[in-house]
>>> print(open('model.txt').read())   # compact mmCIF, C-alpha atoms
# COMPACT_ATOMS: atom_id res chain seq x y z
CA MET A 1 54.31 -27.57 -44.87
CA THR A 2 51.85 -30.39 -45.68
CA ARG A 3 50.76 -31.54 -49.11
CA GLU A 4 47.51 -29.67 -48.73
CA GLY A 5 49.45 -26.44 -48.39
CA LYS A 6 48.82 -26.04 -44.68
CA ILE A 7 51.58 -24.97 -42.33
CA ASN A 8 52.29 -26.98 -39.22
CA PHE A 9 53.65 -24.65 -36.58
CA VAL A 10 56.55 -26.20 -34.70
CA ARG A 11 58.09 -24.58 -31.69
CA VAL A 12 61.86 -24.51 -32.38
CA PRO A 13 63.97 -23.80 -29.31
CA PRO A 14 67.09 -21.68 -29.80
CA LEU A 15 70.33 -23.53 -30.47
CA ASP A 16 72.37 -23.96 -27.36
CA PRO A 17 76.16 -24.43 -27.11
CA LEU A 18 75.73 -28.20 -27.22
CA VAL A 19 74.19 -27.96 -30.70
CA ASP A 20 76.90 -25.61 -31.86
CA PHE A 21 79.55 -27.99 -30.58
CA SER A 22 77.93 -30.95 -32.37
CA LEU A 23 78.06 -29.13 -35.71
CA SER A 24 81.80 -29.24 -35.57
CA ASN A 25 81.58 -33.01 -35.93
CA PHE A 26 80.19 -32.71 -39.49
CA ASP A 27 82.35 -32.25 -42.54
CA SER A 28 82.06 -29.12 -44.69
CA ASP A 29 79.57 -30.57 -47.24
CA LYS A 30 77.23 -31.82 -44.55
CA LYS A 31 77.58 -28.54 -42.67
CA GLY A 32 76.53 -26.63 -45.79
CA ALA A 33 73.50 -28.83 -46.41
CA LEU A 34 72.44 -28.61 -42.79
CA SER A 35 72.82 -24.84 -42.78
CA ILE A 36 70.62 -24.53 -45.90
CA ASN A 37 67.93 -26.73 -44.32
CA ILE A 38 67.99 -24.72 -41.10
CA ALA A 39 67.79 -21.45 -43.04
CA GLN A 40 64.80 -22.66 -45.05
CA SER A 41 63.04 -23.87 -41.92
CA LEU A 42 63.64 -20.57 -40.16
CA LYS A 43 62.30 -18.66 -43.21
CA MET A 44 59.10 -20.69 -43.23
CA GLU A 45 58.77 -20.25 -39.45
CA GLY A 46 59.16 -16.50 -39.86
CA ARG A 47 56.43 -16.33 -42.52
CA ALA A 48 54.11 -18.40 -40.34
CA ALA A 49 54.80 -16.19 -37.32
CA LEU A 50 54.16 -13.07 -39.40
CA GLY A 51 50.84 -14.49 -40.60
CA CYS A 52 49.89 -15.33 -37.04
CA PHE A 53 50.76 -11.80 -35.88
CA GLN A 54 48.76 -10.19 -38.70
CA THR A 55 45.71 -12.37 -37.94
CA SER A 56 45.84 -11.51 -34.20
CA HIS A 57 46.25 -7.83 -35.01
CA LEU A 58 43.17 -7.86 -37.27
CA ASN A 59 41.12 -9.70 -34.62
CA PHE A 60 42.16 -7.17 -31.98
CA CYS A 61 41.29 -4.19 -34.20
CA PHE A 62 37.94 -5.70 -35.13
CA GLY A 63 37.06 -6.41 -31.49
CA LEU A 64 38.09 -2.91 -30.43
CA SER A 65 35.93 -1.33 -33.15
CA VAL A 66 32.88 -3.39 -32.22
CA GLY A 67 33.36 -2.48 -28.56
CA LEU A 68 33.57 1.26 -29.34
CA VAL A 69 30.40 1.13 -31.45
CA ILE A 70 28.47 -0.70 -28.71
CA SER A 71 29.70 1.75 -26.06
CA PHE A 72 28.60 4.70 -28.22
CA LEU A 73 25.15 3.22 -28.73
CA ILE A 74 24.71 2.55 -25.00
CA ALA A 75 25.82 6.08 -24.10
CA SER A 76 23.45 7.59 -26.66
CA PHE A 77 20.53 5.48 -25.45
CA SER A 78 21.23 6.42 -21.83
CA SER A 79 21.27 10.12 -22.66
CA LEU A 80 17.90 9.77 -24.38
CA GLN A 81 16.47 7.93 -21.38
CA THR A 82 17.67 10.50 -18.81
CA PRO A 83 14.59 12.77 -19.04
CA LEU A 84 12.34 9.74 -18.58
CA LEU A 85 14.16 8.81 -15.40
CA MET A 86 13.65 12.20 -13.77
CA THR A 87 11.16 10.97 -11.20
CA ARG A 88 10.09 13.00 -8.16
CA LYS A 89 12.68 11.27 -5.98
CA TYR A 90 15.50 11.87 -8.50
CA ALA A 91 14.51 15.48 -9.07
CA ALA A 92 14.34 16.12 -5.35
CA HIS A 93 17.87 14.88 -4.85
CA GLN A 94 19.13 17.40 -7.40
CA PHE A 95 18.38 20.08 -4.82
CA ASP A 96 20.02 18.33 -1.86
CA SER A 97 23.33 20.16 -1.95
CA TYR A 98 21.53 23.47 -2.37
CA LEU A 99 18.90 22.89 0.30
CA SER A 100 21.08 21.37 3.01
CA SER A 101 22.58 24.67 4.16
CA ARG A 102 19.73 27.10 3.48
CA SER A 103 16.42 28.01 5.06
CA LEU A 104 13.10 27.72 3.27
CA GLN A 105 13.08 31.46 2.63
CA GLU A 106 16.45 31.29 0.88
CA VAL A 107 15.41 28.41 -1.38
CA GLY A 108 11.90 29.66 -1.97
CA GLY A 109 12.71 30.70 -5.53
CA THR A 110 13.92 27.21 -6.38
CA TYR A 111 10.71 25.56 -5.19
CA ASP A 112 8.70 28.26 -6.90
CA GLU A 113 10.17 27.10 -10.18
CA MET A 114 9.26 23.48 -9.36
CA HIS A 115 5.70 24.49 -8.46
CA ASP A 116 5.41 26.67 -11.57
CA ASP A 117 6.58 23.74 -13.69
CA LEU A 118 3.82 21.61 -12.16
CA ASP A 119 1.30 24.33 -13.01
CA LYS A 120 2.51 24.38 -16.62
CA ARG A 121 2.03 20.65 -16.92
CA LEU A 122 -1.45 20.89 -15.45
CA SER A 123 -2.32 23.63 -17.91
CA ASN A 124 -1.83 21.16 -20.74
CA SER A 125 -4.34 18.71 -19.32
CA ASP A 126 -8.10 19.01 -19.34
CA VAL A 127 -9.52 17.18 -16.33
CA LYS A 128 -13.27 16.88 -16.39
CA GLU A 129 -15.45 16.64 -13.33
CA VAL A 130 -16.31 13.18 -12.07
CA ARG A 131 -19.85 13.16 -10.70
CA PHE A 132 -20.46 11.00 -7.66
CA ASP A 133 -24.20 11.49 -7.35
CA ASP A 134 -24.86 8.11 -8.96
CA GLU A 135 -28.07 6.11 -8.60
CA HIS A 136 -26.51 3.58 -6.25
CA GLN A 137 -27.10 4.56 -2.65
CA HIS A 138 -24.65 3.61 0.10
CA HIS A 139 -26.27 2.51 3.32
CA ASP A 140 -23.69 4.01 5.66
CA ASP A 141 -24.47 5.04 9.21
CA ASP A 142 -23.17 8.60 9.15
CA ARG A 143 -25.01 9.89 12.21
CA VAL A 144 -21.80 10.60 14.15
CA ALA A 145 -20.26 12.48 11.22
CA LYS A 146 -23.40 14.57 10.78
CA LYS A 147 -23.49 15.37 14.49
CA LEU A 148 -19.88 16.56 14.42
CA SER A 149 -20.65 18.60 11.31
CA ASP A 150 -23.39 20.43 13.22
CA GLN A 151 -21.28 20.92 16.34
CA ILE A 152 -17.92 21.85 14.84
CA ARG A 153 -18.24 24.60 12.30
CA ILE A 154 -15.23 25.00 10.02
CA LEU A 155 -14.69 27.80 7.54
CA CYS A 156 -12.35 26.70 4.73
CA TRP A 157 -10.65 29.30 2.62
CA ILE A 158 -8.63 28.27 -0.42
CA MET A 159 -5.59 30.12 -1.72
CA THR A 160 -5.84 30.30 -5.52
CA GLY A 161 -5.33 32.59 -8.49
CA PRO A 162 -7.14 33.56 -11.70
CA GLN A 163 -5.07 31.10 -13.74
CA ASN A 164 -5.99 28.17 -11.47
CA LEU A 165 -9.75 28.51 -11.13
CA ASP A 166 -10.72 26.11 -13.91
CA LYS A 167 -7.52 24.12 -13.66
CA LYS A 168 -7.35 23.32 -9.92
CA ALA A 169 -9.75 25.26 -7.69
CA VAL A 170 -12.89 23.94 -9.37
CA HIS A 171 -11.93 20.38 -8.44
CA VAL A 172 -11.65 21.36 -4.77
CA LYS A 173 -15.16 22.80 -5.01
CA LYS A 174 -16.48 19.59 -6.62
CA THR A 175 -14.91 17.22 -4.08
CA TRP A 176 -13.93 17.80 -0.47
CA GLY A 177 -14.74 21.52 -0.34
CA LYS A 178 -18.48 20.89 -0.23
CA ARG A 179 -18.11 19.33 3.24
CA CYS A 180 -16.86 22.57 4.81
CA THR A 181 -19.34 24.60 6.83
CA LYS A 182 -18.42 27.53 4.62
CA LEU A 183 -16.11 27.49 1.58
CA ILE A 184 -14.37 30.62 0.26
CA PHE A 185 -11.83 31.10 -2.53
CA PHE A 186 -9.39 34.01 -2.30
CA SER A 187 -7.56 35.32 -5.33
CA SER A 188 -5.81 38.49 -6.43
CA VAL A 189 -8.93 39.65 -8.26
CA THR A 190 -12.64 39.16 -7.77
CA ASN A 191 -14.49 36.66 -9.97
CA GLU A 192 -18.24 36.86 -9.41
CA THR A 193 -18.97 33.78 -11.52
CA PHE A 194 -16.74 31.23 -9.80
CA PRO A 195 -16.86 33.07 -7.30
CA THR A 196 -13.65 34.36 -5.73
CA ILE A 197 -12.91 37.24 -3.42
CA GLY A 198 -10.21 39.58 -4.71
CA LEU A 199 -7.63 40.75 -2.18
CA ASN A 200 -6.20 43.59 -4.28
CA ILE A 201 -2.69 42.18 -4.17
CA SER A 202 -0.38 41.06 -6.95
CA GLU A 203 -0.06 37.40 -7.87
CA GLY A 204 3.22 35.62 -7.23
CA ARG A 205 4.69 33.53 -4.46
CA GLU A 206 6.49 36.54 -3.08
CA HIS A 207 3.05 37.84 -2.07
CA LEU A 208 1.63 34.69 -0.46
CA THR A 209 2.21 36.13 3.00
CA GLY A 210 0.27 39.25 2.04
CA LYS A 211 -2.59 37.19 0.59
CA THR A 212 -2.73 35.07 3.74
CA MET A 213 -2.78 38.04 6.11
CA ARG A 214 -5.46 39.85 4.11
CA ALA A 215 -7.57 36.71 3.71
CA PHE A 216 -7.68 36.00 7.44
CA LYS A 217 -8.48 39.67 8.10
CA TYR A 218 -11.36 39.49 5.59
CA VAL A 219 -12.67 36.31 7.21
CA TYR A 220 -12.54 37.92 10.64
CA ASP A 221 -14.37 41.03 9.44
CA HIS A 222 -17.12 39.18 7.54
CA PHE A 223 -17.51 35.63 8.84
CA PHE A 224 -16.15 35.49 12.37
CA ASP A 225 -19.51 34.47 13.87
CA GLU A 226 -20.22 31.82 11.24
CA ALA A 227 -17.55 29.33 12.28
CA ASP A 228 -15.52 28.09 15.24
CA TRP A 229 -12.38 27.08 13.38
CA PHE A 230 -10.77 28.71 10.36
CA MET A 231 -8.71 26.71 7.90
CA LYS A 232 -6.37 27.76 5.11
CA ALA A 233 -5.56 25.33 2.28
CA ASP A 234 -3.99 25.41 -1.18
CA ASP A 235 -5.90 24.54 -4.33
CA ASP A 236 -3.87 21.33 -4.65
CA THR A 237 -4.56 20.07 -1.11
CA TYR A 238 -7.12 17.37 -0.32
CA PHE A 239 -8.89 17.35 3.07
CA ILE A 240 -11.00 14.69 4.73
CA MET A 241 -13.29 16.95 6.72
CA GLU A 242 -14.85 14.21 8.88
CA ASN A 243 -11.39 13.38 10.25
CA LEU A 244 -10.61 17.04 10.83
CA ARG A 245 -13.81 17.51 12.83
CA TYR A 246 -13.04 14.41 14.87
CA PHE A 247 -9.55 15.77 15.60
CA LEU A 248 -10.96 19.15 16.67
CA SER A 249 -13.69 17.57 18.80
CA SER A 250 -11.26 17.30 21.72
CA ARG A 251 -9.86 20.82 21.28
CA ASP A 252 -10.98 24.18 22.65
CA LYS A 253 -11.83 26.83 20.08
CA MET A 254 -11.22 29.58 22.64
CA GLU A 255 -7.63 28.54 23.27
CA PRO A 256 -4.85 30.42 21.40
CA VAL A 257 -3.62 27.48 19.33
CA TYR A 258 -3.33 26.35 15.73
CA PHE A 259 -2.67 22.98 14.09
CA GLY A 260 -1.05 21.48 11.00
CA HIS A 261 2.01 19.54 9.82
CA HIS A 262 4.75 20.54 12.24
CA PHE A 263 8.15 21.81 11.08
CA LYS A 264 10.76 22.25 13.81
CA THR A 265 13.06 24.87 12.30
CA ILE A 266 13.21 28.68 11.82
CA VAL A 267 10.68 29.43 14.57
CA ARG A 268 11.52 28.42 18.16
CA GLN A 269 8.25 26.58 18.72
CA GLY A 270 8.14 25.45 15.10
CA TYR A 271 5.50 26.25 12.53
CA TYR A 272 3.11 24.47 10.18
CA SER A 273 3.53 23.63 6.51
CA GLY A 274 1.40 25.85 4.31
CA GLY A 275 0.84 23.12 1.72
CA ALA A 276 -0.59 20.65 4.21
CA GLY A 277 -2.98 23.32 5.46
CA TYR A 278 -3.39 24.77 8.95
CA ILE A 279 -6.34 25.49 11.23
CA LEU A 280 -6.75 28.48 13.54
CA SER A 281 -8.97 28.53 16.59
CA LYS A 282 -11.46 31.35 17.08
CA GLU A 283 -9.20 33.05 19.62
CA THR A 284 -6.19 32.72 17.32
CA LEU A 285 -8.02 34.36 14.41
CA LYS A 286 -9.06 37.23 16.68
CA ARG A 287 -5.44 37.89 17.70
CA LEU A 288 -4.19 37.61 14.12
CA ALA A 289 -6.83 39.99 12.74
CA THR A 290 -6.29 42.62 15.44
CA THR A 291 -2.85 42.74 17.04
CA GLY A 292 -1.39 40.77 14.15
CA GLN A 293 -2.03 43.67 11.76
CA ASP A 294 0.79 45.52 13.47
CA PRO A 295 4.07 44.99 11.55
CA LYS A 296 5.91 44.92 14.88
CA PHE A 297 4.29 41.57 15.57
CA CYS A 298 3.63 40.11 12.13
CA ARG A 299 5.17 40.62 8.73
CA GLN A 300 2.47 41.82 6.36
CA ASP A 301 3.99 40.54 3.08
CA GLY A 302 7.08 38.85 1.66
CA GLY A 303 9.12 35.91 2.90
CA ALA A 304 7.93 32.33 3.08
CA GLU A 305 4.23 32.42 3.94
CA ASP A 306 4.08 29.48 6.35
CA ALA A 307 7.29 30.40 8.19
CA GLU A 308 6.27 34.06 8.48
CA LEU A 309 2.88 33.07 9.86
CA GLY A 310 4.69 30.83 12.34
CA LYS A 311 6.77 33.76 13.57
CA CYS A 312 3.60 35.83 13.79
CA MET A 313 1.81 33.17 15.83
CA GLN A 314 4.68 32.94 18.30
CA ASN A 315 4.76 36.72 18.69
CA LEU A 316 1.01 36.72 19.36
CA GLY A 317 1.31 34.07 22.05
CA VAL A 318 -0.40 31.42 19.92
CA LYS A 319 0.84 27.91 20.66
CA THR A 320 1.72 25.04 18.37
CA ALA A 321 0.61 21.56 19.40
CA ASN A 322 1.07 17.91 18.53
CA SER A 323 -1.38 16.82 15.84
CA THR A 324 -0.39 13.14 15.56
CA ASP A 325 -2.87 10.48 16.61
CA ALA A 326 -2.74 8.31 19.75
CA LEU A 327 -0.32 5.95 17.99
CA GLY A 328 2.04 8.74 16.97
CA ARG A 329 1.03 8.68 13.31
CA SER A 330 0.76 11.81 11.18
CA ARG A 331 -2.56 13.34 10.16
CA PHE A 332 -1.48 16.39 8.13
CA HIS A 333 0.80 15.62 5.19
CA CYS A 334 3.10 17.76 3.03
CA PHE A 335 3.07 15.37 0.08
CA ASP A 336 0.70 13.00 -1.69
CA PRO A 337 -0.26 9.61 -0.18
CA GLU A 338 2.16 7.67 -2.40
CA THR A 339 5.17 9.67 -1.19
CA HIS A 340 4.27 9.25 2.49
CA LEU A 341 3.62 5.57 1.91
CA MET A 342 6.67 4.69 -0.20
CA GLY A 343 9.14 7.39 0.81
CA GLY A 344 11.36 9.42 -1.52
CA TYR A 345 11.39 12.66 0.47
CA PRO A 346 13.85 15.44 -0.43
CA ASN A 347 16.69 15.73 2.09
CA TRP A 348 15.47 19.04 3.49
CA TYR A 349 12.29 17.33 4.71
CA TYR A 350 14.27 15.11 7.09
CA LYS A 351 15.70 18.24 8.72
CA TYR A 352 12.41 20.13 8.94
CA ASP A 353 9.85 17.50 9.91
CA ALA A 354 9.24 17.47 13.66
CA ASN A 355 8.17 13.82 13.74
CA GLY A 356 11.17 12.23 12.02
CA ALA A 357 10.00 12.15 8.39
CA LYS A 358 8.68 8.61 8.70
CA LYS A 359 7.16 6.62 5.86
CA GLY A 360 4.94 3.57 5.45
CA VAL A 361 1.58 2.40 6.69
CA GLU A 362 2.66 2.54 10.34
CA SER A 363 3.39 6.28 10.04
CA ILE A 364 0.10 7.40 8.46
CA SER A 365 -2.97 7.77 10.65
CA ASP A 366 -6.13 5.87 9.74
CA TYR A 367 -7.81 9.20 10.37
CA SER A 368 -5.52 11.27 8.18
CA ILE A 369 -6.72 14.80 7.52
CA SER A 370 -4.82 16.26 4.57
CA PHE A 371 -2.47 15.54 1.67
CA HIS A 372 -0.67 18.03 -0.54
CA TYR A 373 0.44 18.15 -4.20
CA ILE A 374 -2.74 16.42 -5.34
CA LYS A 375 -3.33 16.60 -9.08
CA PRO A 376 -6.90 17.33 -10.24
CA GLU A 377 -7.52 13.76 -11.36
CA SER A 378 -6.20 12.51 -8.03
CA MET A 379 -8.78 14.68 -6.25
CA TYR A 380 -11.45 12.44 -7.73
CA SER A 381 -9.45 9.28 -7.06
CA LEU A 382 -9.18 10.15 -3.37
CA GLU A 383 -12.85 11.07 -3.33
CA PHE A 384 -13.75 7.67 -4.77
CA PHE A 385 -11.45 5.62 -2.53
CA THR A 386 -12.54 7.49 0.61
CA TYR A 387 -16.31 7.69 0.14
CA HIS A 388 -17.33 5.07 -2.43
CA LEU A 389 -15.06 2.03 -2.52
CA ARG A 390 -16.18 -0.64 -0.03
CA PRO A 391 -14.75 -4.08 0.81
CA TYR A 392 -17.71 -6.43 1.04
CA GLY A 393 -18.35 -8.10 4.37
CA ILE A 394 -16.16 -5.75 6.44
CA LYS A 395 -17.88 -3.43 8.88
CA MET A 396 -15.43 -0.71 9.83
CA GLY A 397 -15.81 0.41 13.42
CA ASP A 398 -14.74 3.79 14.80
CA GLN A 399 -11.42 4.06 16.62
CA ASP A 400 -10.46 6.31 19.52
CA LEU A 401 -7.31 7.88 18.10
CA ASN A 402 -7.40 11.32 19.66
CA GLN A 403 -4.85 12.09 22.33
CA HIS A 404 -4.21 14.83 24.83
CA VAL A 405 -2.59 17.73 23.01
CA ALA A 406 0.78 18.76 24.40
CA LEU A 407 1.21 22.46 23.82
CA TYR A 408 4.58 24.09 23.31
CA LYS A 409 5.44 25.04 26.91
CA GLU A 410 8.21 27.53 26.24
CA ASN A 411 6.00 29.75 24.16
CA PRO A 412 5.37 33.23 25.69
CA THR A 413 2.12 33.34 27.63
CA ASN A 414 1.06 36.74 26.42
CA VAL A 415 1.62 39.19 23.62
CA THR A 416 3.81 41.54 25.68
CA GLU A 417 6.30 38.81 26.56
CA ALA A 418 6.19 37.57 22.97
CA LYS A 419 7.10 41.00 21.66
CA LYS A 420 10.09 41.24 24.04
CA SER A 421 11.37 37.82 22.98
CA SER A 422 11.11 38.47 19.25
>>> encode(input="model.txt", output="structure tokens")
Amino acid sequence: MTREGKINFVRVPPLDPLVDFSLSNFDSDKKGALSINIAQSLKMEGRAALGCFQTSHLNFCFGLSVGLVISFLIASFSSLQTPLLMTRKYAAHQFDSYLSSRSLQEVGGTYDEMHDDLDKRLSNSDVKEVRFDDEHQHHDDDRVAKKLSDQIRILCWIMTGPQNLDKKAVHVKKTWGKRCTKLIFFSSVTNETFPTIGLNISEGREHLTGKTMRAFKYVYDHFFDEADWFMKADDDTYFIMENLRYFLSSRDKMEPVYFGHHFKTIVRQGYYSGGAGYILSKETLKRLATTGQDPKFCRQDGGAEDAELGKCMQNLGVKTANSTDALGRSRFHCFDPETHLMGGYPNWYYKYDANGAKKGVESISDYSISFHYIKPESMYSLEFFTYHLRPYGIKMGDQDLNQHVALYKENPTNVTEAKKSS
């Protein structure tokens, strides 16, 4: 120990036999004095060692406590952040294990809950109409588009419900719907103000097939001569009608065929996504509204609407066809533009999509026709970007992106053969 009271720690090796032997050379008095000195030194060393052990123990306990507190805070913060991290991609992956081994009909209830949750969120928002009839006039040469509009008559009917008229359907009417040759809204009840046509069928996704069958029958009975093509869309789908007319300009309205976003499962020739919308030719509507009213050919209600219609079409001898453009890019889309551009599809989509569930600019046609899951405010955004935003100094020329349509060859050629195969 120093004069200042500090302890100098000295490493003292254990006594070996040589030390013990050397002690025998001292007399008894010297041995006693040496023993006392050694004992005192060992006592001080023990106290110093004990102090060192106590200090290390306190440091360890303090460090452990701080670490536990920090870990608790991080865990608590992460748990609070979890709801904020539930993006569309993350939420979709929560259904992967459930969807991977089941058909769309089996998991319909699950997606109903997701769609209902979206409706609840929309009900809390008040989206006002954005008027595009501003004073600034665009000097676009739209002669080709107007000519196609006169030549290719398209009746658009929108699947909606009483709860969605002011929340979703009205925004379809104010944007792309006005470019249809004829626009009709079908609901479970009639609303003469909006207006909607009531189909006398209960609301609910379990009755979408029934609403679809009755709507097409109503269109056939009342408007068959007013259009050449007949399109069904949801009230959260956005259509670019000029691109649809261009696509149909190389098709025959008298051929038994229909078009949309192609799924390759459940039905042998595949079927089209209901959300992305699908278009029936004049001949197809005639078959659906006549022979298709027989339950032996077509289910009249229940099941998954788009898949059931696909089975019905196959039984009626109506063909599916490729709707991609000349570069193999998709025109009808099940999701919004951001999802098809950036990716983040649920796993089931990779198994259902007939074109490989591609993403990115190279997979989306310049003449895209439809997008699904479009929020009301996004209806107006798409309207603005499509028809009003212009890059100065760039004159956009038309492209020839139509291709010869390859029909599904294995499909039965007539109703009789279709009935035998079903």
>>> atom_distance(input="model.txt", atom1="CA of Glu283 (chain A)", atom2="CA of Phe216 (chain A)")
12.6 Å
>>> atom_distance(input="model.txt", atom1="CA of Ser370 (chain A)", atom2="CA of Ala326 (chain A)")
17.3 Å
>>> atom_distance(input="model.txt", atom1="CA of Asp366 (chain A)", atom2="CA of Asp398 (chain A)")
10.2 Å
>>> residues_near_point(input="model.txt", point="(9.2, 40.3, 8.4)", cutoff="10 Å", atoms="all atoms listed in the file", output="number ranges by chain")
A: 209, 295-304, 308-309, 311-312
>>> residues_around(input="model.txt", residues="region 169-185 of chain A", least_positions_apart="4", cutoff="6 Å", atoms="all atoms listed in the file", output="ChimeraX atom specification")
/A:153-158,165,196,235
>>> decode(input="model.txt", residues="region 166-179 of chain A", atoms="N, CA, C and O atoms", output="compact mmCIF listing (two decimals), in the first residue's frame")
# COMPACT_ATOMS: atom_id res chain seq x y z
N ASP A 166 -72.66 6.66 -53.34
CA ASP A 166 -72.01 7.95 -53.11
C ASP A 166 -70.55 7.80 -52.72
O ASP A 166 -69.80 8.79 -52.71
N LYS A 167 -70.15 6.60 -52.40
CA LYS A 167 -68.80 6.36 -51.92
C LYS A 167 -67.86 5.94 -53.05
O LYS A 167 -66.69 6.31 -53.06
N LYS A 168 -68.36 5.18 -54.03
CA LYS A 168 -67.50 4.66 -55.09
C LYS A 168 -68.12 4.85 -56.48
O LYS A 168 -67.46 5.35 -57.40
N ALA A 169 -69.37 4.41 -56.64
CA ALA A 169 -69.97 4.41 -57.98
C ALA A 169 -70.05 5.80 -58.61
O ALA A 169 -69.86 5.95 -59.83
N VAL A 170 -70.30 6.81 -57.81
CA VAL A 170 -70.42 8.16 -58.35
C VAL A 170 -69.12 8.61 -59.01
O VAL A 170 -69.15 9.38 -59.99
N HIS A 171 -67.99 8.14 -58.53
CA HIS A 171 -66.71 8.55 -59.09
C HIS A 171 -66.42 7.85 -60.42
O HIS A 171 -65.69 8.38 -61.25
N VAL A 172 -67.01 6.67 -60.60
CA VAL A 172 -66.95 6.02 -61.93
C VAL A 172 -67.75 6.85 -62.92
O VAL A 172 -67.32 7.11 -64.05
N LYS A 173 -68.93 7.28 -62.48
CA LYS A 173 -69.80 8.08 -63.36
C LYS A 173 -69.14 9.40 -63.76
O LYS A 173 -69.28 9.86 -64.90
N LYS A 174 -68.37 10.00 -62.84
CA LYS A 174 -67.76 11.30 -63.09
C LYS A 174 -66.44 11.22 -63.87
O LYS A 174 -65.92 12.25 -64.31
N THR A 175 -65.90 10.02 -64.03
CA THR A 175 -64.62 9.89 -64.72
C THR A 175 -64.77 9.06 -65.99
O THR A 175 -65.36 9.51 -66.96
N TRP A 176 -64.28 7.83 -65.96
CA TRP A 176 -64.20 7.05 -67.20
C TRP A 176 -65.55 6.58 -67.72
O TRP A 176 -65.71 6.32 -68.93
N GLY A 177 -66.56 6.47 -66.83
CA GLY A 177 -67.84 5.93 -67.25
C GLY A 177 -68.53 6.74 -68.34
O GLY A 177 -69.29 6.20 -69.15
N LYS A 178 -68.25 8.03 -68.37
CA LYS A 178 -68.91 8.90 -69.36
C LYS A 178 -68.43 8.63 -70.78
O LYS A 178 -69.03 9.15 -71.75
N ARG A 179 -67.40 7.84 -70.96
CA ARG A 179 -66.89 7.53 -72.31
C ARG A 179 -67.48 6.23 -72.86
O ARG A 179 -67.14 5.83 -73.98
